[in-house]
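Participant: My structure is stored as input03.pdb, with PDB, C-alpha atoms.
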ATOM      1  CA  PRO A   6     -34.376 -11.704  24.100  1.00  0.00           C
ATOM      2  CA  SER A   7     -31.435  -9.377  24.451  1.00  0.00           C
ATOM      3  CA  ILE A   8     -29.728  -9.647  27.813  1.00  0.00           C
ATOM      4  CA  ILE A   9     -27.474  -7.621  30.062  1.00  0.00           C
ATOM      5  CA  LEU A  10     -25.118  -9.569  32.327  1.00  0.00           C
ATOM      6  CA  TRP A  11     -24.314  -7.492  35.395  1.00  0.00           C
ATOM      7  CA  GLY A  12     -21.724  -8.557  37.928  1.00  0.00           C
ATOM      8  CA  PRO A  13     -18.271  -8.009  39.365  1.00  0.00           C
ATOM      9  CA  PRO A  14     -15.113  -8.777  37.391  1.00  0.00           C
ATOM     10  CA  GLY A  15     -14.133 -12.409  36.961  1.00  0.00           C
ATOM     11  CA  VAL A  16     -17.532 -14.034  37.469  1.00  0.00           C
ATOM     12  CA  GLY A  17     -17.860 -15.325  33.906  1.00  0.00           C
ATOM     13  CA  LYS A  18     -19.878 -12.759  31.968  1.00  0.00           C
ATOM     14  CA  THR A  19     -17.775 -13.137  28.815  1.00  0.00           C
ATOM     15  CA  THR A  20     -17.576 -16.905  29.257  1.00  0.00           C
ATOM     16  CA  LEU A  21     -21.351 -17.130  29.632  1.00  0.00           C
ATOM     17  CA  ALA A  22     -21.871 -15.095  26.435  1.00  0.00           C
ATOM     18  CA  THR A  23     -19.466 -17.375  24.550  1.00  0.00           C
ATOM     19  CA  VAL A  24     -21.184 -20.514  25.877  1.00  0.00           C
ATOM     20  CA  LEU A  25     -24.580 -19.141  24.849  1.00  0.00           C
ATOM     21  CA  ALA A  26     -23.333 -18.366  21.350  1.00  0.00           C
ATOM     22  CA  HIS A  27     -21.759 -21.810  21.020  1.00  0.00           C
ATOM     23  CA  HIS A  28     -24.876 -23.550  22.315  1.00  0.00           C
ATOM     24  CA  LEU A  29     -27.237 -21.564  20.081  1.00  0.00           C
ATOM     25  CA  GLN A  30     -24.906 -21.983  17.078  1.00  0.00           C
ATOM     26  CA  GLN A  31     -25.680 -18.477  15.881  1.00  0.00           C
ATOM     27  CA  PRO A  32     -23.361 -15.998  14.173  1.00  0.00           C
ATOM     28  CA  PHE A  33     -21.465 -14.301  16.989  1.00  0.00           C
ATOM     29  CA  TYR A  34     -19.876 -10.863  17.037  1.00  0.00           C
ATOM     30  CA  GLN A  35     -17.878  -9.480  19.914  1.00  0.00           C
ATOM     31  CA  LEU A  36     -17.024  -5.857  20.609  1.00  0.00           C
ATOM     32  CA  SER A  37     -15.421  -4.114  23.537  1.00  0.00           C
ATOM     33  CA  ALA A  38     -16.896  -0.759  24.443  1.00  0.00           C
ATOM     34  CA  ILE A  39     -13.407   0.325  25.447  1.00  0.00           C
ATOM     35  CA  SER A  40     -12.016   0.058  21.920  1.00  0.00           C
ATOM     36  CA  SER A  41     -15.101   0.158  19.659  1.00  0.00           C
ATOM     37  CA  GLY A  42     -17.354   2.931  18.480  1.00  0.00           C
ATOM     38  CA  VAL A  43     -20.366   3.631  16.270  1.00  0.00           C
ATOM     39  CA  LYS A  44     -18.400   2.629  13.145  1.00  0.00           C
ATOM     40  CA  GLU A  45     -17.770  -0.896  14.468  1.00  0.00           C
ATOM     41  CA  ILE A  46     -21.372  -1.199  15.676  1.00  0.00           C
ATOM     42  CA  ARG A  47     -22.680  -0.276  12.218  1.00  0.00           C
ATOM     43  CA  GLU A  48     -20.295  -2.745  10.540  1.00  0.00           C
ATOM     44  CA  VAL A  49     -21.598  -5.577  12.720  1.00  0.00           C
ATOM     45  CA  ILE A  50     -25.212  -4.574  12.090  1.00  0.00           C
ATOM     46  CA  GLU A  51     -24.632  -4.545   8.305  1.00  0.00           C
ATOM     47  CA  ALA A  52     -23.009  -7.986   8.456  1.00  0.00           C
ATOM     48  CA  ALA A  53     -25.828  -9.284  10.683  1.00  0.00           C
ATOM     49  CA  LYS A  54     -28.520  -8.157   8.247  1.00  0.00           C
ATOM     50  CA  VAL A  55     -27.631 -11.019   5.908  1.00  0.00           C
ATOM     51  CA  GLN A  56     -27.525 -13.584   8.709  1.00  0.00           C
ATOM     52  CA  GLN A  57     -30.344 -15.034  10.721  1.00  0.00           C
ATOM     53  CA  GLY A  58     -30.250 -14.515  14.493  1.00  0.00           C
ATOM     54  CA  ALA A  59     -26.841 -12.897  14.959  1.00  0.00           C
ATOM     55  CA  LEU A  60     -25.646 -12.383  18.517  1.00  0.00           C
ATOM     56  CA  LEU A  61     -23.710  -9.248  19.400  1.00  0.00           C
ATOM     57  CA  PHE A  62     -21.715  -9.369  22.622  1.00  0.00           C
ATOM     58  CA  ILE A  63     -20.534  -6.018  23.947  1.00  0.00           C
ATOM     59  CA  ASP A  64     -18.142  -6.173  26.859  1.00  0.00           C
ATOM     60  CA  GLU A  65     -18.136  -3.168  29.205  1.00  0.00           C
ATOM     61  CA  ILE A  66     -21.339  -1.853  27.579  1.00  0.00           C
ATOM     62  CA  HIS A  67     -21.611   0.762  30.330  1.00  0.00           C
ATOM     63  CA  ARG A  68     -18.643   2.558  28.724  1.00  0.00           C
ATOM     64  CA  PHE A  69     -20.645   3.312  25.556  1.00  0.00           C
ATOM     65  CA  ASN A  70     -22.045   6.830  25.548  1.00  0.00           C
ATOM     66  CA  LYS A  71     -25.698   7.577  24.731  1.00  0.00           C
ATOM     67  CA  GLY A  72     -24.996   7.974  20.999  1.00  0.00           C
ATOM     68  CA  GLN A  73     -23.161   4.681  20.799  1.00  0.00           C
ATOM     69  CA  GLN A  74     -25.943   2.900  22.676  1.00  0.00           C
ATOM     70  CA  ASP A  75     -28.559   4.565  20.460  1.00  0.00           C
ATOM     71  CA  ALA A  76     -26.757   3.162  17.389  1.00  0.00           C
ATOM     72  CA  LEU A  77     -27.686  -0.322  18.646  1.00  0.00           C
ATOM     73  CA  LEU A  78     -31.322   0.406  19.328  1.00  0.00           C
ATOM     74  CA  GLY A  79     -32.826  -0.038  15.844  1.00  0.00           C
ATOM     75  CA  ALA A  80     -31.022  -3.327  15.203  1.00  0.00           C
ATOM     76  CA  VAL A  81     -32.040  -4.716  18.589  1.00  0.00           C
ATOM     77  CA  GLU A  82     -35.627  -3.537  18.133  1.00  0.00           C
ATOM     78  CA  LYS A  83     -35.905  -5.106  14.646  1.00  0.00           C
ATOM     79  CA  GLY A  84     -34.238  -8.340  15.748  1.00  0.00           C
ATOM     80  CA  ILE A  85     -31.261  -7.905  13.414  1.00  0.00           C
ATOM     81  CA  VAL A  86     -29.047  -8.639  16.412  1.00  0.00           C
ATOM     82  CA  THR A  87     -29.679 -10.079  19.820  1.00  0.00           C
ATOM     83  CA  LEU A  88     -27.619  -8.048  22.232  1.00  0.00           C
ATOM     84  CA  ILE A  89     -25.642  -9.590  25.055  1.00  0.00           C
ATOM     85  CA  GLY A  90     -24.146  -6.783  27.091  1.00  0.00           C
ATOM     86  CA  ALA A  91     -21.737  -7.247  29.983  1.00  0.00           C
ATOM     87  CA  THR A  92     -21.228  -4.649  32.672  1.00  0.00           C
ATOM     88  CA  THR A  93     -19.746  -4.267  36.111  1.00  0.00           C
ATOM     89  CA  GLU A  94     -21.873  -1.154  36.688  1.00  0.00           C
ATOM     90  CA  ASN A  95     -25.559  -0.964  37.561  1.00  0.00           C
ATOM     91  CA  PRO A  96     -27.295  -1.054  34.155  1.00  0.00           C
ATOM     92  CA  SER A  97     -30.197   1.016  35.511  1.00  0.00           C
ATOM     93  CA  PHE A  98     -27.821   3.973  35.599  1.00  0.00           C
ATOM     94  CA  GLU A  99     -25.356   3.142  32.817  1.00  0.00           C
ATOM     95  CA  VAL A 100     -27.417   1.605  29.998  1.00  0.00           C
ATOM     96  CA  ASN A 101     -29.952   3.821  28.293  1.00  0.00           C
ATOM     97  CA  SER A 102     -33.569   3.112  29.153  1.00  0.00           C
ATOM     98  CA  ALA A 103     -34.598   2.233  25.580  1.00  0.00           C
ATOM     99  CA  LEU A 104     -32.005  -0.573  25.382  1.00  0.00           C
ATOM    100  CA  LEU A 105     -32.711  -1.628  28.931  1.00  0.00           C
ATOM    101  CA  SER A 106     -36.436  -1.989  28.250  1.00  0.00           C
ATOM    102  CA  ARG A 107     -35.640  -4.389  25.396  1.00  0.00           C
ATOM    103  CA  SER A 108     -33.301  -6.507  27.513  1.00  0.00           C
ATOM    104  CA  GLN A 109     -33.484  -8.923  30.381  1.00  0.00           C
ATOM    105  CA  VAL A 110     -30.954  -8.131  33.128  1.00  0.00           C
ATOM    106  CA  TYR A 111     -29.215 -11.031  34.859  1.00  0.00           C
ATOM    107  CA  VAL A 112     -27.247 -10.326  38.028  1.00  0.00           C
ATOM    108  CA  LEU A 113     -24.147 -12.474  38.497  1.00  0.00           C
ATOM    109  CA  LYS A 114     -22.538 -12.708  41.914  1.00  0.00           C
ATOM    110  CA  ALA A 115     -18.951 -13.185  43.032  1.00  0.00           C
ATOM    111  CA  LEU A 116     -17.974 -16.850  43.007  1.00  0.00           C
ATOM    112  CA  GLU A 117     -18.304 -18.808  46.248  1.00  0.00           C
ATOM    113  CA  PRO A 118     -15.271 -20.534  47.823  1.00  0.00           C
ATOM    114  CA  ILE A 119     -16.468 -23.987  46.724  1.00  0.00           C
ATOM    115  CA  GLN A 120     -16.759 -22.790  43.121  1.00  0.00           C
ATOM    116  CA  LEU A 121     -13.286 -21.271  43.272  1.00  0.00           C
ATOM    117  CA  LEU A 122     -11.861 -24.544  44.624  1.00  0.00           C
ATOM    118  CA  GLN A 123     -13.541 -26.444  41.793  1.00  0.00           C
ATOM    119  CA  LEU A 124     -11.965 -24.004  39.355  1.00  0.00           C
ATOM    120  CA  LEU A 125      -8.521 -24.584  40.870  1.00  0.00           C
ATOM    121  CA  HIS A 126      -8.902 -28.348  40.594  1.00  0.00           C
ATOM    122  CA  SER A 127     -10.126 -28.060  37.006  1.00  0.00           C
ATOM    123  CA  ALA A 128      -7.147 -25.868  36.146  1.00  0.00           C
ATOM    124  CA  MET A 129      -4.762 -28.378  37.705  1.00  0.00           C
ATOM    125  CA  GLN A 130      -6.284 -31.207  35.647  1.00  0.00           C
ATOM    126  CA  GLN A 131      -7.000 -29.478  32.339  1.00  0.00           C
ATOM    127  CA  ASP A 132      -4.421 -26.720  31.893  1.00  0.00           C
ATOM    128  CA  VAL A 133      -1.643 -27.847  29.535  1.00  0.00           C
ATOM    129  CA  VAL A 134       1.065 -26.591  31.899  1.00  0.00           C
ATOM    130  CA  PHE A 135      -0.470 -27.254  35.318  1.00  0.00           C
ATOM    131  CA  ASN A 136      -1.448 -30.845  34.495  1.00  0.00           C
ATOM    132  CA  THR A 137       2.200 -31.724  33.855  1.00  0.00           C
ATOM    133  CA  LEU A 138       3.404 -30.408  37.224  1.00  0.00           C
ATOM    134  CA  PRO A 139       3.374 -32.216  40.593  1.00  0.00           C
ATOM    135  CA  ILE A 140       1.196 -29.590  42.309  1.00  0.00           C
ATOM    136  CA  GLU A 141      -0.156 -30.203  45.792  1.00  0.00           C
ATOM    137  CA  LEU A 142      -2.758 -27.862  47.263  1.00  0.00           C
ATOM    138  CA  LYS A 143      -2.145 -27.944  51.023  1.00  0.00           C
ATOM    139  CA  GLU A 144      -3.934 -24.733  51.938  1.00  0.00           C
ATOM    140  CA  THR A 145      -6.188 -22.566  49.826  1.00  0.00           C
ATOM    141  CA  GLU A 146      -7.658 -20.036  52.259  1.00  0.00           C
ATOM    142  CA  ALA A 147      -5.319 -17.198  51.205  1.00  0.00           C
ATOM    143  CA  LEU A 148      -5.892 -17.850  47.491  1.00  0.00           C
ATOM    144  CA  ILE A 149      -9.660 -17.841  47.980  1.00  0.00           C
ATOM    145  CA  ARG A 150      -9.650 -14.759  50.217  1.00  0.00           C
ATOM    146  CA  LEU A 151      -7.324 -12.717  48.004  1.00  0.00           C
ATOM    147  CA  SER A 152      -9.303 -13.576  44.872  1.00  0.00           C
ATOM    148  CA  GLY A 153     -12.412 -11.875  46.259  1.00  0.00           C
ATOM    149  CA  GLY A 154     -14.662 -14.221  44.269  1.00  0.00           C
ATOM    150  CA  ASP A 155     -12.930 -13.312  40.980  1.00  0.00           C
ATOM    151  CA  ALA A 156     -12.007 -16.418  38.953  1.00  0.00           C
ATOM    152  CA  ARG A 157      -9.481 -14.568  36.800  1.00  0.00           C
ATOM    153  CA  LYS A 158      -7.712 -13.146  39.851  1.00  0.00           C
ATOM    154  CA  LEU A 159      -7.691 -16.595  41.499  1.00  0.00           C
ATOM    155  CA  LEU A 160      -6.040 -18.225  38.489  1.00  0.00           C
ATOM    156  CA  ASN A 161      -3.457 -15.423  38.263  1.00  0.00           C
ATOM    157  CA  LEU A 162      -2.618 -15.791  41.971  1.00  0.00           C
ATOM    158  CA  PHE A 163      -2.398 -19.548  41.572  1.00  0.00           C
ATOM    159  CA  GLU A 164      -0.081 -19.248  38.580  1.00  0.00           C
ATOM    160  CA  MET A 165       2.191 -16.793  40.404  1.00  0.00           C
ATOM    161  CA  SER A 166       2.279 -19.095  43.451  1.00  0.00           C
ATOM    162  CA  VAL A 167       3.161 -22.109  41.320  1.00  0.00           C
ATOM    163  CA  GLN A 168       5.947 -20.146  39.607  1.00  0.00           C
ATOM    164  CA  ALA A 169       7.313 -18.886  42.928  1.00  0.00           C
ATOM    165  CA  VAL A 170       7.444 -22.369  44.453  1.00  0.00           C
ATOM    166  CA  GLN A 171       8.751 -23.902  41.229  1.00  0.00           C
ATOM    167  CA  ALA A 172      11.667 -21.460  41.220  1.00  0.00           C
ATOM    168  CA  THR A 173      12.777 -22.672  44.653  1.00  0.00           C
ATOM    169  CA  ALA A 174      11.505 -26.281  44.757  1.00  0.00           C
ATOM    170  CA  GLY A 175      13.691 -27.736  42.044  1.00  0.00           C
ATOM    171  CA  GLU A 176      12.404 -31.141  40.951  1.00  0.00           C
ATOM    172  CA  GLY A 177      10.225 -31.813  43.995  1.00  0.00           C
ATOM    173  CA  ALA A 178       6.518 -31.380  44.510  1.00  0.00           C
ATOM    174  CA  ILE A 179       5.098 -27.902  44.112  1.00  0.00           C
ATOM    175  CA  ILE A 180       3.273 -27.390  47.394  1.00  0.00           C
ATOM    176  CA  ILE A 181       0.904 -24.442  47.459  1.00  0.00           C
ATOM    177  CA  SER A 182       0.125 -23.248  50.968  1.00  0.00           C
ATOM    178  CA  ASP A 183      -1.106 -19.995  52.463  1.00  0.00           C
ATOM    179  CA  ASP A 184       2.388 -18.870  53.434  1.00  0.00           C
ATOM    180  CA  VAL A 185       3.494 -19.124  49.768  1.00  0.00           C
ATOM    181  CA  VAL A 186       0.513 -17.085  48.585  1.00  0.00           C
ATOM    182  CA  MET A 187       1.039 -14.378  51.190  1.00  0.00           C
ATOM    183  CA  LYS A 188       4.687 -13.736  50.188  1.00  0.00           C
TER     184      LYS A 188
END
Let me see the structure of the file written as structure tokens.
Facilitator:
Amino acid sequence: PSIILWGPPGVGKTTLATVLAHHLQQPFYQLSAISSGVKEIREVIEAAKVQQGALLFIDEIHRFNKGQQDALLGAVEKGIVTLIGATTENPSFEVNSALLSRSQVYVLKALEPIQLLQLLHSAMQQDVVFNTLPIELKETEALIRLSGGDARKLLNLFEMSVQAVQATAGEGAIIISDDVVMK
């Protein structure tokens, strides 16, 4: 079924859509409601007509007006595309009722501190830059608190902290503590 992913910024709505598309191995189209209109929607629908089971991911779907959302309706109803919409706004108020009735809404919540810590450790091990640096996490409370459960914000804060310490640490260990983050 078509789905709407509703949650705050940085909780993984776009990542989840990409993982679903990769797992299902279906043709995948991605649009942003900020920069796309009816023309782009129709182009995707035409391309999807010759493919079986195309997925259409629309980021910020709440920014589409009624006409833009209506342009999707026939293709969703006929199964030409399976819609994956992402929104930070309550879809009950921002997505038209016809699309909403053909979709399952999933509510995503801000990430918990333990999940954010796991993300930091993954970034330190897997990121091509971070994994080459002698980074030590001494304190993480400020990073976690300032991120507000937003993974993207956490990684940006972490990167800025690493760069700030790196600029003053020279060749030594890059120690990330709350006082560094709060500067």
Participant: Draw an axis-aligned box over all listed atoms of segment 24-28 of chain A, pad each side with 6 Å, and write its centre and edge lengths in Å, one decimal, as JSON.
Facilitator:
{"center_x": -23.0, "center_y": -21.0, "center_z": 23.4, "size_x": 15.7, "size_y": 17.2, "size_z": 16.9}
Participant: Taking into account only C-alpha atoms, which residue in the set A:Thr137, A:Ser166, A:Gln30, A:Ser152 is nearest to Leu121 of chain A?
Facilitator: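 Result for the nearest residue to Leu121 of chain A: A:Ser152.
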Participant: Care to translate the PyMOL selection byres ((chain A and resi 181) around 10) into actual residues of this file, as a compact mmCIF listing (two decimals) with C-alpha atoms, in the coordinates of the input?
Facilitator:
# COMPACT_ATOMS: atom_id res chain seq x y z
CA ILE A 140 1.20 -29.59 42.31
CA GLU A 141 -0.16 -30.20 45.79
CA LEU A 142 -2.76 -27.86 47.26
CA LYS A 143 -2.14 -27.94 51.02
CA GLU A 144 -3.93 -24.73 51.94
CA THR A 145 -6.19 -22.57 49.83
CA LEU A 148 -5.89 -17.85 47.49
CA PHE A 163 -2.40 -19.55 41.57
CA SER A 166 2.28 -19.10 43.45
CA VAL A 167 3.16 -22.11 41.32
CA ALA A 169 7.31 -18.89 42.93
CA VAL A 170 7.44 -22.37 44.45
CA ALA A 178 6.52 -31.38 44.51
CA ILE A 179 5.10 -27.90 44.11
CA ILE A 180 3.27 -27.39 47.39
CA SER A 182 0.12 -23.25 50.97
CA ASP A 183 -1.11 -20.00 52.46
CA ASP A 184 2.39 -18.87 53.43
CA VAL A 185 3.49 -19.12 49.77
CA VAL A 186 0.51 -17.08 48.58
Participant: Under the PyMOL selection byres ((chain A and resi 13-16) around 9), which residues of this model are included? Write them out as a list of chain:residue names.
Facilitator: A:Trp11, A:Gly12, A:Gly17, A:Lys18, A:Thr19, A:Thr20, A:Thr92, A:Thr93, A:Glu94, A:Leu113, A:Lys114, A:Ala115, A:Leu116, A:Gly154, A:Asp155, A:Ala156, A:Arg157, A:Lys158, A:Leu159
Participant: Mind checking which residues fall within 12 Å of Ser41 of chain A, counting all atoms listed in the file, ignoring those fewer than 2 positions away in the same chain, and posting them as a list in words?
Facilitator: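 Contacts, with the query itself left out: Gln35, Leu36, Ser37, Ala38, Ile39, Val43, Lys44, Glu45, Ile46, Arg47, Glu48, Val49, Phe62, Ile63, Asp64, Glu65, Ile66, Arg68, Phe69, Asn70, Gln73 and Gln74 of chain A.
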Participant: Using all atoms listed in the file, which of A:Asp132, A:Glu117, A:Glu146, A:Asp75 sits nearest Ala103 of chain A?
Facilitator: A:Asp75
Participant: Atom CA of Leu125 of chain A and atom CA of Ile149 of chain A are how many Å apart?
Facilitator: 9.9 Å
Participant: Which is closest to Ala26 of chain A among A:Pro96, A:Val133, A:Lys54, A:Ala59, if we use all atoms listed in the file?
Facilitator: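 Nearest to Ala26 of chain A: A:Ala59.
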Participant: As an exercise, work out the distance from atom CA of Asn101 of chain A to atom CA of Lys71 of chain A in Å and give it to one decimal place.
Facilitator: 6.7 Å
Participant: Give me, please, the distance in Å between atom CA of Pro139 of chain A and atom CA of Leu162 of chain A, quoted to one decimal.
Facilitator: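 Separating atom CA of Pro139 of chain A from atom CA of Leu162 of chain A is a distance of 17.5 Å.
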Participant: Let me make sure I understand: among A:Asn136, A:Ser7, A:Ser97, A:Gln109, which one has the smallest atom-to-atom distance to Val81 of chain A if we use all atoms listed in the file?
Facilitator: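 Nearest candidate to Val81 of chain A out of A:Asn136, A:Ser7, A:Ser97, A:Gln109: A:Ser7.
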Participant: Under the rule that all atoms listed in the file are counted, which of A:Ala76, A:Leu61, A:Ala22, A:Leu104 is the nearest residue to Leu88 of chain A?
Facilitator: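 Closest residue, counting all atoms listed in the file: A:Leu61.
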Participant: Counting only C-alpha atoms, figure out which residue out of A:Val100, A:Val134, A:Leu29, A:Leu122 gets nearest to Ala147 of chain A.
Facilitator: A:Leu122
Participant: Evaluated on this file, the PyMOL selection byres ((chain A and resi 84) around 12) picks out some residues - which ones are they, written as a list in words?
Facilitator: Pro6, Ser7, Ile50, Ala53, Lys54, Gln56, Gln57, Gly58, Ala59, Leu60, Leu61, Leu77, Leu78, Gly79, Ala80, Val81, Glu82, Lys83, Ile85, Val86, Thr87, Leu88, Arg107 and Ser108 of chain A
